[in-house]
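Take a look at the structure below.
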Amino acid sequence: MTNLYRAAIEELSRVADAIDDVAVDEACRRIAAARHVCVYAGGREGLQVKGFAMRLFHLGRSVSVVGDMTTPALGPGDLFFVVCGPGEISTAVALVGVARAAGAEVVVVTAQPQGRVPQMADFVLTVPAQTMANDQGAAATSVLPMGSLFEGALFVLFEAMVLKLKTRLGVSPEAMRANHTNME
């Protein structure tokens with residue numbers, strides 16, 4: 001089993017090395033400038049983006065997750081942050097259309113920047129990792145199944161973004177901890 005762990009970590013390391021840090025900084029700038037950030041992703045990507053939303057909340061940002069009944073209407077000054085690894089899923093296409101029509105800015109994180117959802121965005125952050133869009137046949141190169149390489153890379157990316165935003169926003173670890181729920 002040790003070799004499987006090592007192979008997975010090495011794959012994640014290669015993906016992390018290939019992420020454009022200038023693009024990450026720009027995504028962080030847009031998050032920091034937004035009045036409100038609303039996040040969306042489907043499936044396991046959705047689990048990762050919900051964790052990111054939680055950390056944005058800990059950083060003192062106004063943030064919501066699509067599907068939560070307390071998600072406010074988006075408009076000018078707001079940011080719709082979408083993760084769509086394969087470049088297109090019908091729900092993301094529809095939600096990006098709604099956000100754009102309302103005047104919100106759209107940032108998309110994807111492994112397939114040529115996809116329909118990234119093409120609708122104001123800004124695209126590419127995470128060059130295998131997703132379910134390219135996990136079969138000769139295109140399948142990851143030891144991890146389906147879109148797991150992309151999903152694991154999202155965790156690392158989002159934690160690095162939290163560190164960058166913490167510095168950009170001047171938020172202390174104590175302030176982050178004070179924003180953590182006491183209802184658990």
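By order of appearance in the structure tokens: chains A, B, ..., then residues from 1 within every chain, and ligands from 1 in the order shown.
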
>> as a list in words, please: every residue in chain A that a backbone DSSP assignment puts in strand (DSSP E).
In response: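 Output for chain A, strand (DSSP E) only: His36, Val37, Cys38, Val39, Tyr40, Val63, Ser64, Val65, Asp78, Leu79, Phe80, Phe81, Val82, Val83, Glu105, Val106, Val107, Val108, Val109, Thr110, Phe123, Val124, Leu125 and Thr126 of chain A.
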
If we count only C-alpha atoms, what is near Asp25 of chain A at a cut-off of 12 Å, once residues fewer than 4 positions away on the same chain are taken out, given as an mmCIF file with N, CA, C and O atoms, in the first residue's frame?
```
data_model
loop_
_atom_site.group_PDB
_atom_site.id
_atom_site.type_symbol
_atom_site.label_atom_id
_atom_site.label_comp_id
_atom_site.auth_asym_id
_atom_site.auth_seq_id
_atom_site.Cartn_x
_atom_site.Cartn_y
_atom_site.Cartn_z
ATOM 1 N N ILE A 19 0.123 24.393 -11.457
ATOM 2 C CA ILE A 19 -0.875 25.453 -11.279
ATOM 3 C C ILE A 19 -0.172 26.806 -11.377
ATOM 4 O O ILE A 19 0.872 27.025 -10.785
ATOM 5 N N ASP A 20 -0.769 27.713 -12.126
ATOM 6 C CA ASP A 20 -0.227 29.058 -12.329
ATOM 7 C C ASP A 20 -0.484 29.901 -11.077
ATOM 8 O O ASP A 20 -1.627 30.292 -10.814
ATOM 9 N N ASP A 21 0.575 30.190 -10.325
ATOM 10 C CA ASP A 21 0.420 30.927 -9.069
ATOM 11 C C ASP A 21 -0.059 32.360 -9.301
ATOM 12 O O ASP A 21 -0.743 32.924 -8.446
ATOM 13 N N ARG A 29 -7.479 37.821 -5.370
ATOM 14 C CA ARG A 29 -7.781 39.255 -5.430
ATOM 15 C C ARG A 29 -9.273 39.471 -5.669
ATOM 16 O O ARG A 29 -9.914 40.304 -5.013
ATOM 17 N N ARG A 30 -9.834 38.693 -6.576
ATOM 18 C CA ARG A 30 -11.249 38.834 -6.895
ATOM 19 C C ARG A 30 -12.128 38.418 -5.715
ATOM 20 O O ARG A 30 -13.157 39.045 -5.454
ATOM 21 N N ILE A 31 -11.738 37.382 -5.017
ATOM 22 C CA ILE A 31 -12.486 36.956 -3.823
ATOM 23 C C ILE A 31 -12.430 38.050 -2.760
ATOM 24 O O ILE A 31 -13.443 38.388 -2.148
ATOM 25 N N ALA A 32 -11.246 38.594 -2.534
ATOM 26 C CA ALA A 32 -11.072 39.628 -1.506
ATOM 27 C C ALA A 32 -11.867 40.889 -1.832
ATOM 28 O O ALA A 32 -12.342 41.579 -0.925
ATOM 29 N N PHE A 123 -13.158 35.016 -15.276
ATOM 30 C CA PHE A 123 -11.790 34.592 -14.979
ATOM 31 C C PHE A 123 -11.784 33.089 -14.779
ATOM 32 O O PHE A 123 -12.688 32.538 -14.155
ATOM 33 N N VAL A 124 -10.732 32.439 -15.298
ATOM 34 C CA VAL A 124 -10.612 30.988 -15.202
ATOM 35 C C VAL A 124 -9.295 30.629 -14.530
ATOM 36 O O VAL A 124 -8.234 31.147 -14.903
ATOM 37 N N LEU A 125 -9.371 29.753 -13.547
ATOM 38 C CA LEU A 125 -8.201 29.203 -12.872
ATOM 39 C C LEU A 125 -8.137 27.721 -13.237
ATOM 40 O O LEU A 125 -9.051 26.958 -12.917
ATOM 41 N N LEU A 157 -5.168 23.297 -3.364
ATOM 42 C CA LEU A 157 -5.319 24.647 -3.920
ATOM 43 C C LEU A 157 -6.082 25.544 -2.959
ATOM 44 O O LEU A 157 -5.649 26.672 -2.660
ATOM 45 N N PHE A 158 -7.224 25.080 -2.464
ATOM 46 C CA PHE A 158 -8.048 25.929 -1.606
ATOM 47 C C PHE A 158 -7.351 26.268 -0.293
ATOM 48 O O PHE A 158 -7.476 27.382 0.211
ATOM 49 N N ALA A 160 -4.104 26.592 0.075
ATOM 50 C CA ALA A 160 -3.101 27.610 -0.291
ATOM 51 C C ALA A 160 -3.788 28.964 -0.508
ATOM 52 O O ALA A 160 -3.256 30.009 -0.095
ATOM 53 N N MET A 161 -4.964 28.953 -1.120
ATOM 54 C CA MET A 161 -5.696 30.206 -1.320
ATOM 55 C C MET A 161 -6.106 30.823 0.007
ATOM 56 O O MET A 161 -6.062 32.046 0.167
ATOM 57 N N VAL A 162 -6.501 30.002 0.964
ATOM 58 C CA VAL A 162 -6.854 30.505 2.295
ATOM 59 C C VAL A 162 -5.643 31.200 2.923
ATOM 60 O O VAL A 162 -5.764 32.288 3.490
ATOM 61 N N LEU A 163 -4.474 30.593 2.799
ATOM 62 C CA LEU A 163 -3.262 31.217 3.348
ATOM 63 C C LEU A 163 -2.971 32.549 2.664
ATOM 64 O O LEU A 163 -2.607 33.533 3.324
ATOM 65 N N LYS A 164 -3.132 32.597 1.342
ATOM 66 C CA LYS A 164 -2.912 33.846 0.605
ATOM 67 C C LYS A 164 -3.947 34.906 1.002
ATOM 68 O O LYS A 164 -3.603 36.078 1.198
ATOM 69 N N LEU A 165 -5.202 34.496 1.122
ATOM 70 C CA LEU A 165 -6.254 35.439 1.511
ATOM 71 C C LEU A 165 -6.076 35.923 2.943
ATOM 72 O O LEU A 165 -6.328 37.096 3.246
ATOM 73 N N THR A 167 -3.324 36.459 4.479
ATOM 74 C CA THR A 167 -2.313 37.526 4.421
ATOM 75 C C THR A 167 -2.883 38.771 3.749
ATOM 76 O O THR A 167 -2.735 39.884 4.262
ATOM 77 N N ARG A 168 -3.544 38.601 2.616
ATOM 78 C CA ARG A 168 -4.096 39.732 1.855
ATOM 79 C C ARG A 168 -5.088 40.528 2.692
ATOM 80 O O ARG A 168 -5.115 41.761 2.653
#
```

>> So the first atom is atom CA of Arg55 of chain A and the second is atom CA of Thr91 of chain A; what is the distance between them in Å, to one decimal place?
In response: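 A separation of 24.2 Å between them.
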
>> When you look at Val98 of chain A with a cut-off of 12 Å (counting only C-alpha atoms), what residues show up, excluding the ones that are within fewer than 5 positions of it in the same chain? I need them as a list in words.
In response: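 What passes the distance filter is Val66, Ala73, Leu74, Gly75, Phe80, Thr91, Ala92, Val93, Gly103, Ala104, Glu105, Val106 and Met120 of chain A.
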
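Distance-wise, atom CA of Gly85 of chain A and atom CA of Ala111 of chain A end up 4.9 Å apart.
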
> Can you tell me how far atom CA of Gly137 of chain A sits from atom CA of Val156 of chain A, in Å to one decimal?
Replying inline: 26.9 Å

> Among chain A, which residues carry a DSSP assignment of alpha helix (DSSP H), reported as a ChimeraX atom specification?
Replying inline: /A:2-18,21-33,43-58,90-101,116-119,148-169,173-178

Atoms to include: C-alpha atoms. Write the selected residues as a PDB file, in the first residue's frame.
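Output file result.pdb is given in full below:
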```
ATOM      1  CA  THR A   2       2.866   2.376   0.623  1.00  0.00           C
ATOM      2  CA  ASN A   3       3.514   2.637  -3.115  1.00  0.00           C
ATOM      3  CA  LEU A   4      -0.119   3.612  -3.752  1.00  0.00           C
ATOM      4  CA  TYR A   5       0.094   6.448  -1.233  1.00  0.00           C
ATOM      5  CA  ARG A   6       3.372   7.641  -2.705  1.00  0.00           C
ATOM      6  CA  ALA A   7       2.007   7.479  -6.273  1.00  0.00           C
ATOM      7  CA  ALA A   8      -1.052   9.514  -5.317  1.00  0.00           C
ATOM      8  CA  ILE A   9       1.015  12.129  -3.482  1.00  0.00           C
ATOM      9  CA  GLU A  10       3.471  12.380  -6.385  1.00  0.00           C
ATOM     10  CA  GLU A  11       0.577  12.920  -8.814  1.00  0.00           C
ATOM     11  CA  LEU A  12      -0.859  15.645  -6.576  1.00  0.00           C
ATOM     12  CA  SER A  13       2.579  17.229  -6.354  1.00  0.00           C
ATOM     13  CA  ARG A  14       2.907  17.349 -10.157  1.00  0.00           C
ATOM     14  CA  VAL A  15      -0.515  18.979 -10.456  1.00  0.00           C
ATOM     15  CA  ALA A  16       0.342  21.545  -7.765  1.00  0.00           C
ATOM     16  CA  ASP A  17       3.603  22.354  -9.546  1.00  0.00           C
ATOM     17  CA  ALA A  18       1.666  23.016 -12.773  1.00  0.00           C
ATOM     18  CA  ASP A  21       0.420  30.927  -9.069  1.00  0.00           C
ATOM     19  CA  VAL A  22      -0.229  34.283 -10.759  1.00  0.00           C
ATOM     20  CA  ALA A  23      -3.716  33.030 -11.666  1.00  0.00           C
ATOM     21  CA  VAL A  24      -4.235  31.864  -8.061  1.00  0.00           C
ATOM     22  CA  ASP A  25      -3.283  35.340  -6.835  1.00  0.00           C
ATOM     23  CA  GLU A  26      -5.763  36.893  -9.273  1.00  0.00           C
ATOM     24  CA  ALA A  27      -8.547  34.582  -8.094  1.00  0.00           C
ATOM     25  CA  CYS A  28      -7.708  35.564  -4.497  1.00  0.00           C
ATOM     26  CA  ARG A  29      -7.781  39.255  -5.430  1.00  0.00           C
ATOM     27  CA  ARG A  30     -11.249  38.834  -6.895  1.00  0.00           C
ATOM     28  CA  ILE A  31     -12.486  36.956  -3.823  1.00  0.00           C
ATOM     29  CA  ALA A  32     -11.072  39.628  -1.506  1.00  0.00           C
ATOM     30  CA  ALA A  33     -12.718  42.412  -3.527  1.00  0.00           C
ATOM     31  CA  GLY A  43     -20.519  15.934  -6.574  1.00  0.00           C
ATOM     32  CA  ARG A  44     -17.197  15.487  -4.800  1.00  0.00           C
ATOM     33  CA  GLU A  45     -15.982  18.804  -6.202  1.00  0.00           C
ATOM     34  CA  GLY A  46     -18.892  20.261  -4.249  1.00  0.00           C
ATOM     35  CA  LEU A  47     -17.531  18.789  -1.040  1.00  0.00           C
ATOM     36  CA  GLN A  48     -14.209  20.534  -1.634  1.00  0.00           C
ATOM     37  CA  VAL A  49     -15.773  23.901  -2.474  1.00  0.00           C
ATOM     38  CA  LYS A  50     -17.996  23.717   0.620  1.00  0.00           C
ATOM     39  CA  GLY A  51     -14.853  23.314   2.733  1.00  0.00           C
ATOM     40  CA  PHE A  52     -13.402  26.354   0.975  1.00  0.00           C
ATOM     41  CA  ALA A  53     -16.586  28.327   1.693  1.00  0.00           C
ATOM     42  CA  MET A  54     -16.251  27.420   5.372  1.00  0.00           C
ATOM     43  CA  ARG A  55     -12.710  28.793   5.438  1.00  0.00           C
ATOM     44  CA  LEU A  56     -13.832  31.961   3.628  1.00  0.00           C
ATOM     45  CA  PHE A  57     -16.364  32.393   6.415  1.00  0.00           C
ATOM     46  CA  HIS A  58     -13.595  31.889   8.988  1.00  0.00           C
ATOM     47  CA  SER A  90     -25.748  21.453 -17.075  1.00  0.00           C
ATOM     48  CA  THR A  91     -26.384  22.869 -13.590  1.00  0.00           C
ATOM     49  CA  ALA A  92     -23.225  24.982 -13.722  1.00  0.00           C
ATOM     50  CA  VAL A  93     -24.151  26.304 -17.176  1.00  0.00           C
ATOM     51  CA  ALA A  94     -27.564  27.363 -15.888  1.00  0.00           C
ATOM     52  CA  LEU A  95     -26.280  28.915 -12.652  1.00  0.00           C
ATOM     53  CA  VAL A  96     -23.503  30.852 -14.382  1.00  0.00           C
ATOM     54  CA  GLY A  97     -26.141  32.239 -16.750  1.00  0.00           C
ATOM     55  CA  VAL A  98     -28.252  33.388 -13.805  1.00  0.00           C
ATOM     56  CA  ALA A  99     -25.274  34.969 -12.012  1.00  0.00           C
ATOM     57  CA  ARG A 100     -24.087  36.796 -15.134  1.00  0.00           C
ATOM     58  CA  ALA A 101     -27.601  38.072 -15.896  1.00  0.00           C
ATOM     59  CA  ARG A 116     -18.508  25.667 -21.982  1.00  0.00           C
ATOM     60  CA  VAL A 117     -18.581  26.812 -18.329  1.00  0.00           C
ATOM     61  CA  PRO A 118     -15.050  28.304 -18.328  1.00  0.00           C
ATOM     62  CA  GLN A 119     -15.860  30.073 -21.589  1.00  0.00           C
ATOM     63  CA  SER A 148     -10.116  12.035  -7.568  1.00  0.00           C
ATOM     64  CA  LEU A 149      -6.863  13.650  -8.718  1.00  0.00           C
ATOM     65  CA  PHE A 150      -8.671  16.898  -9.507  1.00  0.00           C
ATOM     66  CA  GLU A 151     -10.645  16.749  -6.262  1.00  0.00           C
ATOM     67  CA  GLY A 152      -7.511  16.157  -4.175  1.00  0.00           C
ATOM     68  CA  ALA A 153      -5.766  19.008  -5.964  1.00  0.00           C
ATOM     69  CA  LEU A 154      -8.716  21.264  -5.110  1.00  0.00           C
ATOM     70  CA  PHE A 155      -8.151  20.633  -1.398  1.00  0.00           C
ATOM     71  CA  VAL A 156      -4.492  21.654  -1.687  1.00  0.00           C
ATOM     72  CA  LEU A 157      -5.319  24.647  -3.920  1.00  0.00           C
ATOM     73  CA  PHE A 158      -8.048  25.929  -1.606  1.00  0.00           C
ATOM     74  CA  GLU A 159      -5.858  25.641   1.484  1.00  0.00           C
ATOM     75  CA  ALA A 160      -3.101  27.610  -0.291  1.00  0.00           C
ATOM     76  CA  MET A 161      -5.696  30.206  -1.320  1.00  0.00           C
ATOM     77  CA  VAL A 162      -6.854  30.505   2.295  1.00  0.00           C
ATOM     78  CA  LEU A 163      -3.262  31.217   3.348  1.00  0.00           C
ATOM     79  CA  LYS A 164      -2.912  33.846   0.605  1.00  0.00           C
ATOM     80  CA  LEU A 165      -6.254  35.439   1.511  1.00  0.00           C
ATOM     81  CA  LYS A 166      -5.368  35.417   5.220  1.00  0.00           C
ATOM     82  CA  THR A 167      -2.313  37.526   4.421  1.00  0.00           C
ATOM     83  CA  ARG A 168      -4.096  39.732   1.855  1.00  0.00           C
ATOM     84  CA  LEU A 169      -6.970  40.465   4.241  1.00  0.00           C
ATOM     85  CA  PRO A 173      -5.301  32.932  13.260  1.00  0.00           C
ATOM     86  CA  GLU A 174      -7.115  34.090  16.391  1.00  0.00           C
ATOM     87  CA  ALA A 175      -9.704  35.978  14.326  1.00  0.00           C
ATOM     88  CA  MET A 176     -10.255  32.921  12.140  1.00  0.00           C
ATOM     89  CA  ARG A 177     -10.719  30.728  15.206  1.00  0.00           C
ATOM     90  CA  ALA A 178     -13.169  33.268  16.696  1.00  0.00           C
TER      91      ALA A 178
END
```
